[in-house]
Amino acid sequence: MLSEEEKLQKKADIETLRSWLKSSKTEPCILPARKPYKLVSVLLPDIPSHIKFHMSYFFMALISKIPWSRLKIFLFRLMGVKIGKGVYIAPRVFLDGMYPSLIELEDNCFLGGGCIILTHENTVDKFRIGPVKIGSNSVIGAFSIVRSGVTIGSNVQTGMGSVVGKDIPDNRVAIGNPARIVKSHKKQITENISLITT
Ligand SMILES: CC(C)(COP(=O)(O)OP(=O)(O)OC[C@H]1O[C@@H](n2cnc3c(N)ncnc32)[C@H](O)[C@@H]1OP(=O)(O)O)[C@@H](O)C(=O)NCCC(=O)NCCS
């Protein structure tokens with residue numbers, strides 16, 4: 001049983017998350033793990049939120065298995081992911097099922113095979129949630145991982161297998177784990193790629 005003080009703390013945590021979800025989300029939301037109650041009871045405080053979450057997770061995982069980009073894009077949009085025109089999503093890309101509406105893929109961006117876009121993460125002492133934006137004409141290299149709260153600019157290339165934990169400005173090439181910027185360029189990357197995805 002929670003004490004009165006713990007109940008108030010839990011209520012405050014639920015309110016922090018709710019107001020962040022309604023805000024412009026310029027920074028990720030970080031909720032500390034607190035001993036007396038589980039984080040899940042803050043994230044999913046009632047039965048409707050449990051049902052919504054599990055349905056979303058199930059369908060997002062299922063859609064991620066579809067190999068065809070156009071069908072996937074249609075279904076991801078229904079789940080709330082913001083996807084612009086001319087986007088290509090390769091097979092085995094995984095988009096996080098927790099708050100899919102926090103993911104935005106701008107026009108003509110290209111997600112390489114097996115890459116992972118995360119909107120949340122749990123650690124031993126906290127829970128983090130944040131929007132991810134991939135700018136127009138950017139190519140996310142195969143098997144890259146993008147952390148919650150990260151904005152990748154326009155015309156960016158990430159190397160295959162990169163782990164992107166911080167924002168990347170427009171017109172950059174970033175590689176490695178953690179991804180580091182190795183080049184700047186002006187050439188529009190997806191001009192050539194669109195030839196093989198249509
Ligand atoms: C990052 C990338 C664009 C660089 O290509 P490039 O400009 O032709 O660069 P190079 O092949 O000349 O490599 C430059 C250096 O970076 C290193 N490098 C290249 N890709 C790397 C990667 N993913 N991770 C770590 N190092 C990498 C190379 O080993 C080389 O190192 P060196 O200078 O010590 O010899 C390319 O390697 C890549 O990863 N492309 C991703 C393509 C992709 O997955 N597209 C979507 C699916 S088709």
# chains A, B, ... in the order shown; residues from 1 in each chain; ligands from 1
>>> select_by_dssp(residues="range 1-97 of chain A", states="strand (DSSP E or B)", output="ChimeraX atom specification")
/A:29-32,82-83,88-89,94-95
>>> residues_around(residues="Thr158 in chain A", least_positions_apart="6", cutoff="8 Å", atoms="only C-alpha atoms", output="short mmCIF file (atom, residue, chain, number, x, y, z; two decimals) with N, CA and C atoms, in the first residue's frame")
data_model
loop_
_atom_site.label_atom_id
_atom_site.label_comp_id
_atom_site.auth_asym_id
_atom_site.auth_seq_id
_atom_site.Cartn_x
_atom_site.Cartn_y
_atom_site.Cartn_z
N VAL A 139 19.19 9.67 -45.38
CA VAL A 139 19.28 8.21 -45.50
C VAL A 139 19.82 7.66 -44.18
N ILE A 140 19.04 6.83 -43.55
CA ILE A 140 19.48 6.20 -42.30
C ILE A 140 20.05 4.84 -42.71
N GLY A 141 21.36 4.69 -42.52
CA GLY A 141 22.05 3.49 -42.98
C GLY A 141 21.48 2.23 -42.36
N SER A 144 21.10 0.97 -38.44
CA SER A 144 21.35 2.09 -37.51
C SER A 144 20.29 2.08 -36.41
N VAL A 173 27.34 13.72 -42.83
CA VAL A 173 27.48 12.26 -42.81
C VAL A 173 27.97 11.93 -41.40
N ALA A 174 27.29 11.01 -40.73
CA ALA A 174 27.68 10.62 -39.37
C ALA A 174 27.79 9.10 -39.31
N ILE A 175 28.87 8.60 -38.71
CA ILE A 175 29.04 7.15 -38.63
C ILE A 175 29.51 6.72 -37.25
N ALA A 179 27.44 7.80 -33.00
CA ALA A 179 27.62 8.38 -34.33
C ALA A 179 28.33 9.72 -34.23
#
>>> residues_near_ligand(ligand="ligand 1", cutoff="10 Å", atoms="only C-alpha atoms and all ligand atoms", output="PyMOL selection string")
chain A and resi 89-91+110-115+139-144+156-163+173-177+179-183+189+193+196-197
>>> write_last_selection(atoms="N, CA and C atoms", output="mmCIF file, in the first residue's frame")
data_model
loop_
_atom_site.group_PDB
_atom_site.id
_atom_site.type_symbol
_atom_site.label_atom_id
_atom_site.label_comp_id
_atom_site.auth_asym_id
_atom_site.auth_seq_id
_atom_site.Cartn_x
_atom_site.Cartn_y
_atom_site.Cartn_z
ATOM 1 N N ILE A 89 10.758 2.764 -46.683
ATOM 2 C CA ILE A 89 11.092 2.041 -45.442
ATOM 3 C C ILE A 89 11.458 0.606 -45.832
ATOM 4 N N ALA A 90 12.726 0.278 -45.687
ATOM 5 C CA ALA A 90 13.231 -1.034 -46.123
ATOM 6 C C ALA A 90 12.719 -2.154 -45.209
ATOM 7 N N PRO A 91 12.871 -3.415 -45.648
ATOM 8 C CA PRO A 91 12.453 -4.534 -44.800
ATOM 9 C C PRO A 91 13.185 -4.552 -43.463
ATOM 10 N N PHE A 110 14.819 7.935 -46.314
ATOM 11 C CA PHE A 110 15.028 6.524 -46.641
ATOM 12 C C PHE A 110 15.541 5.822 -45.395
ATOM 13 N N LEU A 111 14.797 4.836 -44.911
ATOM 14 C CA LEU A 111 15.253 4.079 -43.742
ATOM 15 C C LEU A 111 15.814 2.747 -44.231
ATOM 16 N N GLY A 112 17.109 2.543 -44.066
ATOM 17 C CA GLY A 112 17.772 1.331 -44.542
ATOM 18 C C GLY A 112 17.341 0.091 -43.758
ATOM 19 N N GLY A 113 17.569 -1.070 -44.361
ATOM 20 C CA GLY A 113 17.121 -2.344 -43.784
ATOM 21 C C GLY A 113 17.562 -2.535 -42.343
ATOM 22 N N GLY A 114 16.634 -2.978 -41.510
ATOM 23 C CA GLY A 114 16.959 -3.361 -40.142
ATOM 24 C C GLY A 114 17.191 -2.207 -39.191
ATOM 25 N N CYS A 115 16.951 -0.957 -39.622
ATOM 26 C CA CYS A 115 17.226 0.112 -38.651
ATOM 27 C C CYS A 115 16.093 0.235 -37.632
ATOM 28 N N VAL A 139 19.189 9.670 -45.381
ATOM 29 C CA VAL A 139 19.282 8.210 -45.496
ATOM 30 C C VAL A 139 19.821 7.664 -44.177
ATOM 31 N N ILE A 140 19.036 6.828 -43.549
ATOM 32 C CA ILE A 140 19.477 6.199 -42.303
ATOM 33 C C ILE A 140 20.047 4.841 -42.708
ATOM 34 N N GLY A 141 21.357 4.694 -42.524
ATOM 35 C CA GLY A 141 22.054 3.491 -42.981
ATOM 36 C C GLY A 141 21.485 2.228 -42.358
ATOM 37 N N ALA A 142 21.648 1.121 -43.066
ATOM 38 C CA ALA A 142 21.116 -0.156 -42.589
ATOM 39 C C ALA A 142 21.585 -0.451 -41.165
ATOM 40 N N PHE A 143 20.694 -0.983 -40.368
ATOM 41 C CA PHE A 143 20.966 -1.401 -38.982
ATOM 42 C C PHE A 143 21.427 -0.267 -38.064
ATOM 43 N N SER A 144 21.097 0.966 -38.435
ATOM 44 C CA SER A 144 21.352 2.088 -37.509
ATOM 45 C C SER A 144 20.286 2.077 -36.414
ATOM 46 N N VAL A 156 20.867 14.139 -44.508
ATOM 47 C CA VAL A 156 21.891 13.516 -43.651
ATOM 48 C C VAL A 156 22.050 12.059 -44.072
ATOM 49 N N GLN A 157 23.269 11.559 -44.004
ATOM 50 C CA GLN A 157 23.521 10.129 -44.211
ATOM 51 C C GLN A 157 24.089 9.575 -42.914
ATOM 52 N N THR A 158 23.511 8.489 -42.390
ATOM 53 C CA THR A 158 24.193 7.819 -41.276
ATOM 54 C C THR A 158 24.787 6.525 -41.813
ATOM 55 N N GLY A 159 25.983 6.187 -41.331
ATOM 56 C CA GLY A 159 26.647 4.965 -41.770
ATOM 57 C C GLY A 159 25.892 3.747 -41.280
ATOM 58 N N MET A 160 26.054 2.634 -41.977
ATOM 59 C CA MET A 160 25.370 1.419 -41.522
ATOM 60 C C MET A 160 25.858 1.064 -40.114
ATOM 61 N N GLY A 161 24.917 0.640 -39.291
ATOM 62 C CA GLY A 161 25.267 0.241 -37.922
ATOM 63 C C GLY A 161 25.562 1.393 -36.977
ATOM 64 N N SER A 162 25.205 2.614 -37.352
ATOM 65 C CA SER A 162 25.467 3.757 -36.450
ATOM 66 C C SER A 162 24.469 3.773 -35.298
ATOM 67 N N VAL A 163 24.898 4.330 -34.192
ATOM 68 C CA VAL A 163 23.976 4.530 -33.076
ATOM 69 C C VAL A 163 23.882 6.036 -32.843
ATOM 70 N N VAL A 173 27.341 13.722 -42.834
ATOM 71 C CA VAL A 173 27.477 12.263 -42.808
ATOM 72 C C VAL A 173 27.970 11.926 -41.404
ATOM 73 N N ALA A 174 27.287 11.006 -40.734
ATOM 74 C CA ALA A 174 27.676 10.621 -39.370
ATOM 75 C C ALA A 174 27.786 9.104 -39.312
ATOM 76 N N ILE A 175 28.871 8.602 -38.709
ATOM 77 C CA ILE A 175 29.042 7.153 -38.634
ATOM 78 C C ILE A 175 29.508 6.724 -37.251
ATOM 79 N N GLY A 176 29.253 5.462 -36.944
ATOM 80 C CA GLY A 176 29.816 4.841 -35.750
ATOM 81 C C GLY A 176 28.896 4.818 -34.552
ATOM 82 N N ASN A 177 29.426 4.277 -33.472
ATOM 83 C CA ASN A 177 28.711 4.181 -32.202
ATOM 84 C C ASN A 177 29.612 4.722 -31.092
ATOM 85 N N ALA A 179 27.440 7.799 -32.996
ATOM 86 C CA ALA A 179 27.623 8.383 -34.329
ATOM 87 C C ALA A 179 28.333 9.723 -34.234
ATOM 88 N N ARG A 180 29.374 9.875 -35.035
ATOM 89 C CA ARG A 180 30.117 11.146 -35.076
ATOM 90 C C ARG A 180 30.064 11.683 -36.492
ATOM 91 N N ILE A 181 30.009 13.017 -36.574
ATOM 92 C CA ILE A 181 29.953 13.649 -37.898
ATOM 93 C C ILE A 181 31.337 13.562 -38.531
ATOM 94 N N VAL A 182 31.380 13.011 -39.752
ATOM 95 C CA VAL A 182 32.685 12.894 -40.412
ATOM 96 C C VAL A 182 32.784 13.792 -41.643
ATOM 97 N N LYS A 183 31.636 14.233 -42.149
ATOM 98 C CA LYS A 183 31.665 15.032 -43.377
ATOM 99 C C LYS A 183 30.472 15.973 -43.424
ATOM 100 N N ILE A 189 21.251 13.528 -51.255
ATOM 101 C CA ILE A 189 21.540 12.100 -51.220
ATOM 102 C C ILE A 189 20.470 11.255 -51.897
ATOM 103 N N ILE A 193 18.993 7.390 -54.783
ATOM 104 C CA ILE A 193 18.313 6.278 -54.118
ATOM 105 C C ILE A 193 16.895 6.100 -54.643
ATOM 106 N N ILE A 196 16.102 3.397 -57.174
ATOM 107 C CA ILE A 196 15.984 1.965 -56.867
ATOM 108 C C ILE A 196 14.804 1.626 -55.968
ATOM 109 N N THR A 197 14.077 2.620 -55.505
ATOM 110 C CA THR A 197 12.981 2.301 -54.585
ATOM 111 C C THR A 197 11.607 2.484 -55.213
#
>>> residues_around(residues="Tyr37 in chain A", least_positions_apart="2", cutoff="10 Å", atoms="only C-alpha atoms", output="list in words")
Met1, Leu2, Glu6, Lys7, Gln9, Lys10, Ala33, Arg34, Lys35, Leu39, Val40, Ser41 and Val42 of chain A
>>> residues_around(residues="Leu31 in chain A", least_positions_apart="3", cutoff="12 Å", atoms="only C-alpha atoms", output="PyMOL selection string")
chain A and resi 9-10+12-18+20+28+34+38-40+42-43+120-130
>>> atom_distance(atom1="CA of Lys25 in chain A", atom2="CA of Pro100 in chain A")
14.2 Å
>>> residues_around(residues="Gln188 in chain A", least_positions_apart="6", cutoff="10 Å", atoms="only C-alpha atoms", output="JSON, numbers by chain")
{"A": [136, 137, 138, 154, 155, 156, 171]}
>>> closest_residue(among="A:Ser56, A:Ser101, A:Thr151, A:Ser49", to="Gly135 in chain A", atoms="only C-alpha atoms")
A:Thr151
>>> atom_distance(atom1="CA of Ser148 in chain A", atom2="CA of Glu104 in chain A")
11.8 Å
>>> atom_distance(atom1="CA of Lys166 in chain A", atom2="CA of Lys72 in chain A")
26.8 Å
>>> closest_residue(among="A:Ser19, A:Thr26, A:His54, A:Ser3", to="Val150 in chain A", atoms="only C-alpha atoms")
A:Thr26
>>> closest_residue(among="A:Phe53, A:Phe94, A:Phe59, A:Tyr99", to="Leu75 in chain A", atoms="only C-alpha atoms")
A:Phe59
>>> select_by_dssp(residues="chain A", states="alpha helix (DSSP H)", output="short mmCIF file (atom, residue, chain, number, x, y, z; two decimals) with N, CA and C atoms, in the first residue's frame")
data_model
loop_
_atom_site.label_atom_id
_atom_site.label_comp_id
_atom_site.auth_asym_id
_atom_site.auth_seq_id
_atom_site.Cartn_x
_atom_site.Cartn_y
_atom_site.Cartn_z
N GLU A 4 0.10 8.28 1.79
CA GLU A 4 -0.53 9.45 1.15
C GLU A 4 0.49 10.24 0.31
N GLU A 5 1.68 10.36 0.88
CA GLU A 5 2.75 11.12 0.21
C GLU A 5 3.14 10.45 -1.12
N GLU A 6 3.24 9.10 -1.06
CA GLU A 6 3.61 8.35 -2.28
C GLU A 6 2.50 8.44 -3.34
N LYS A 7 1.27 8.42 -2.87
CA LYS A 7 0.14 8.56 -3.82
C LYS A 7 0.21 9.90 -4.53
N LEU A 8 0.52 10.95 -3.76
CA LEU A 8 0.61 12.29 -4.35
C LEU A 8 1.76 12.37 -5.35
N GLN A 9 2.88 11.72 -4.99
CA GLN A 9 4.04 11.70 -5.88
C GLN A 9 3.70 10.99 -7.19
N LYS A 10 2.99 9.88 -7.07
CA LYS A 10 2.61 9.12 -8.27
C LYS A 10 1.68 9.97 -9.17
N LYS A 11 0.75 10.64 -8.53
CA LYS A 11 -0.18 11.51 -9.27
C LYS A 11 0.59 12.61 -10.01
N ALA A 12 1.60 13.14 -9.33
CA ALA A 12 2.41 14.21 -9.93
C ALA A 12 3.18 13.67 -11.14
N ASP A 13 3.70 12.43 -11.03
CA ASP A 13 4.43 11.83 -12.15
C ASP A 13 3.50 11.61 -13.35
N ILE A 14 2.28 11.13 -13.07
CA ILE A 14 1.30 10.90 -14.16
C ILE A 14 1.01 12.24 -14.84
N GLU A 15 0.86 13.29 -14.03
CA GLU A 15 0.55 14.62 -14.58
C GLU A 15 1.72 15.16 -15.40
N THR A 16 2.96 14.90 -14.93
CA THR A 16 4.16 15.34 -15.67
C THR A 16 4.14 14.75 -17.08
N LEU A 17 3.87 13.45 -17.17
CA LEU A 17 3.86 12.77 -18.47
C LEU A 17 2.72 13.31 -19.33
N ARG A 18 1.52 13.45 -18.74
CA ARG A 18 0.36 13.94 -19.50
C ARG A 18 0.63 15.32 -20.07
N SER A 19 1.16 16.21 -19.24
CA SER A 19 1.35 17.57 -19.74
C SER A 19 2.48 17.61 -20.77
N TRP A 20 3.49 16.74 -20.61
CA TRP A 20 4.55 16.68 -21.64
C TRP A 20 3.95 16.23 -22.98
N LEU A 21 3.07 15.22 -22.93
CA LEU A 21 2.47 14.71 -24.18
C LEU A 21 1.65 15.79 -24.89
N LYS A 22 1.10 16.72 -24.10
CA LYS A 22 0.31 17.81 -24.70
C LYS A 22 1.18 18.99 -25.11
N VAL A 40 5.43 1.42 -14.69
CA VAL A 40 4.33 1.06 -15.59
C VAL A 40 2.99 1.63 -15.08
N SER A 41 2.86 1.76 -13.76
CA SER A 41 1.61 2.29 -13.22
C SER A 41 1.50 3.80 -13.45
N VAL A 42 2.62 4.43 -13.79
CA VAL A 42 2.59 5.85 -14.16
C VAL A 42 2.29 5.98 -15.65
N LEU A 43 2.94 5.12 -16.45
CA LEU A 43 2.76 5.19 -17.90
C LEU A 43 1.38 4.73 -18.31
N ILE A 47 -7.13 1.05 -17.19
CA ILE A 47 -7.34 -0.06 -18.13
C ILE A 47 -7.36 0.42 -19.59
N PRO A 48 -8.08 1.52 -19.93
CA PRO A 48 -8.05 1.96 -21.34
C PRO A 48 -6.63 2.24 -21.85
N SER A 49 -5.78 2.82 -21.00
CA SER A 49 -4.42 3.10 -21.47
C SER A 49 -3.63 1.80 -21.67
N HIS A 50 -3.89 0.78 -20.85
CA HIS A 50 -3.25 -0.53 -21.03
C HIS A 50 -3.65 -1.12 -22.37
N ILE A 51 -4.96 -1.10 -22.65
CA ILE A 51 -5.48 -1.70 -23.90
C ILE A 51 -4.87 -0.97 -25.09
N LYS A 52 -4.92 0.37 -25.03
CA LYS A 52 -4.39 1.18 -26.15
C LYS A 52 -2.92 0.87 -26.39
N PHE A 53 -2.15 0.81 -25.30
CA PHE A 53 -0.72 0.57 -25.42
C PHE A 53 -0.43 -0.80 -26.04
N HIS A 54 -1.10 -1.85 -25.52
CA HIS A 54 -0.81 -3.20 -26.01
C HIS A 54 -1.24 -3.37 -27.47
N MET A 55 -2.37 -2.75 -27.83
CA MET A 55 -2.82 -2.83 -29.24
C MET A 55 -1.78 -2.14 -30.13
N SER A 56 -1.34 -0.96 -29.71
CA SER A 56 -0.39 -0.19 -30.50
C SER A 56 0.92 -0.99 -30.66
N TYR A 57 1.40 -1.54 -29.55
CA TYR A 57 2.66 -2.30 -29.60
C TYR A 57 2.53 -3.50 -30.52
N PHE A 58 1.41 -4.19 -30.40
CA PHE A 58 1.18 -5.39 -31.20
C PHE A 58 1.15 -5.04 -32.70
N PHE A 59 0.34 -4.02 -33.05
CA PHE A 59 0.20 -3.68 -34.48
C PHE A 59 1.49 -3.09 -35.06
N MET A 60 2.19 -2.27 -34.28
CA MET A 60 3.44 -1.69 -34.79
C MET A 60 4.47 -2.79 -35.04
N ALA A 61 4.53 -3.78 -34.15
CA ALA A 61 5.48 -4.90 -34.32
C ALA A 61 5.09 -5.71 -35.56
N LEU A 62 3.79 -5.89 -35.74
CA LEU A 62 3.30 -6.67 -36.88
C LEU A 62 3.60 -5.94 -38.20
N ILE A 63 3.30 -4.64 -38.23
CA ILE A 63 3.53 -3.85 -39.46
C ILE A 63 5.01 -3.84 -39.82
N SER A 64 5.86 -3.77 -38.79
CA SER A 64 7.31 -3.75 -39.04
C SER A 64 7.78 -4.99 -39.80
N SER A 69 7.33 -1.48 -48.68
CA SER A 69 7.37 -0.14 -48.11
C SER A 69 6.02 0.58 -48.18
N ARG A 70 5.36 0.52 -49.35
CA ARG A 70 4.13 1.33 -49.49
C ARG A 70 3.03 0.87 -48.55
N LEU A 71 2.90 -0.45 -48.42
CA LEU A 71 1.87 -0.98 -47.52
C LEU A 71 2.21 -0.61 -46.07
N LYS A 72 3.50 -0.75 -45.75
CA LYS A 72 3.92 -0.40 -44.38
C LYS A 72 3.62 1.06 -44.08
N ILE A 73 3.94 1.93 -45.05
CA ILE A 73 3.73 3.37 -44.82
C ILE A 73 2.25 3.67 -44.60
N PHE A 74 1.41 3.05 -45.41
CA PHE A 74 -0.04 3.23 -45.26
C PHE A 74 -0.47 2.85 -43.83
N LEU A 75 -0.01 1.68 -43.36
CA LEU A 75 -0.43 1.19 -42.04
C LEU A 75 0.22 1.98 -40.90
N PHE A 76 1.49 2.34 -41.06
CA PHE A 76 2.14 3.14 -40.01
C PHE A 76 1.42 4.49 -39.87
N ARG A 77 0.99 5.05 -41.00
CA ARG A 77 0.26 6.34 -40.91
C ARG A 77 -1.03 6.15 -40.12
N LEU A 78 -1.71 5.02 -40.35
CA LEU A 78 -2.95 4.77 -39.59
C LEU A 78 -2.67 4.70 -38.09
N THR A 190 19.19 11.56 -51.63
CA THR A 190 18.16 10.63 -52.09
C THR A 190 17.84 10.72 -53.58
N GLU A 191 18.46 11.66 -54.28
CA GLU A 191 18.25 11.75 -55.74
C GLU A 191 18.52 10.40 -56.41
N ASN A 192 19.65 9.76 -56.07
CA ASN A 192 20.00 8.48 -56.68
C ASN A 192 19.20 7.33 -56.09
N ILE A 193 18.99 7.39 -54.78
CA ILE A 193 18.31 6.28 -54.12
C ILE A 193 16.90 6.10 -54.64
N SER A 194 16.22 7.21 -54.98
CA SER A 194 14.83 7.09 -55.44
C SER A 194 14.75 6.23 -56.71
N LEU A 195 15.85 6.12 -57.44
CA LEU A 195 15.83 5.31 -58.66
C LEU A 195 15.62 3.83 -58.34
N ILE A 196 16.10 3.40 -57.17
CA ILE A 196 15.98 1.96 -56.87
C ILE A 196 14.80 1.63 -55.97
N THR A 197 14.08 2.62 -55.50
CA THR A 197 12.98 2.30 -54.58
C THR A 197 11.61 2.48 -55.21
#
>>> residues_around(residues="Val87 in chain A", least_positions_apart="4", cutoff="8 Å", atoms="only C-alpha atoms", output="list of chain:residue names")
A:Ile83, A:Leu105, A:Glu106, A:Asp107, A:Asn108, A:Cys109, A:Phe110
>>> write_last_selection(atoms="N, CA and C atoms", output="PDB file, in the first residue's frame")
ATOM      1  N   ILE A  83       4.383  10.592 -41.736  1.00  0.00           N
ATOM      2  CA  ILE A  83       5.263  10.186 -42.844  1.00  0.00           C
ATOM      3  C   ILE A  83       4.975  11.059 -44.062  1.00  0.00           C
ATOM      4  N   LEU A 105       8.770  11.219 -40.167  1.00  0.00           N
ATOM      5  CA  LEU A 105       9.693  10.968 -41.284  1.00  0.00           C
ATOM      6  C   LEU A 105       9.338  11.963 -42.381  1.00  0.00           C
ATOM      7  N   GLU A 106      10.233  12.887 -42.646  1.00  0.00           N
ATOM      8  CA  GLU A 106       9.920  13.932 -43.630  1.00  0.00           C
ATOM      9  C   GLU A 106      10.073  13.409 -45.061  1.00  0.00           C
ATOM     10  N   ASP A 107       9.653  14.226 -46.019  1.00  0.00           N
ATOM     11  CA  ASP A 107       9.625  13.816 -47.431  1.00  0.00           C
ATOM     12  C   ASP A 107      10.934  13.192 -47.900  1.00  0.00           C
ATOM     13  N   ASN A 108      10.797  12.148 -48.707  1.00  0.00           N
ATOM     14  CA  ASN A 108      11.928  11.507 -49.404  1.00  0.00           C
ATOM     15  C   ASN A 108      13.008  10.939 -48.496  1.00  0.00           C
ATOM     16  N   CYS A 109      12.711  10.705 -47.222  1.00  0.00           N
ATOM     17  CA  CYS A 109      13.777  10.077 -46.443  1.00  0.00           C
ATOM     18  C   CYS A 109      13.725   8.561 -46.629  1.00  0.00           C
ATOM     19  N   PHE A 110      14.819   7.935 -46.314  1.00  0.00           N
ATOM     20  CA  PHE A 110      15.028   6.524 -46.641  1.00  0.00           C
ATOM     21  C   PHE A 110      15.541   5.822 -45.395  1.00  0.00           C
TER      22      PHE A 110
END
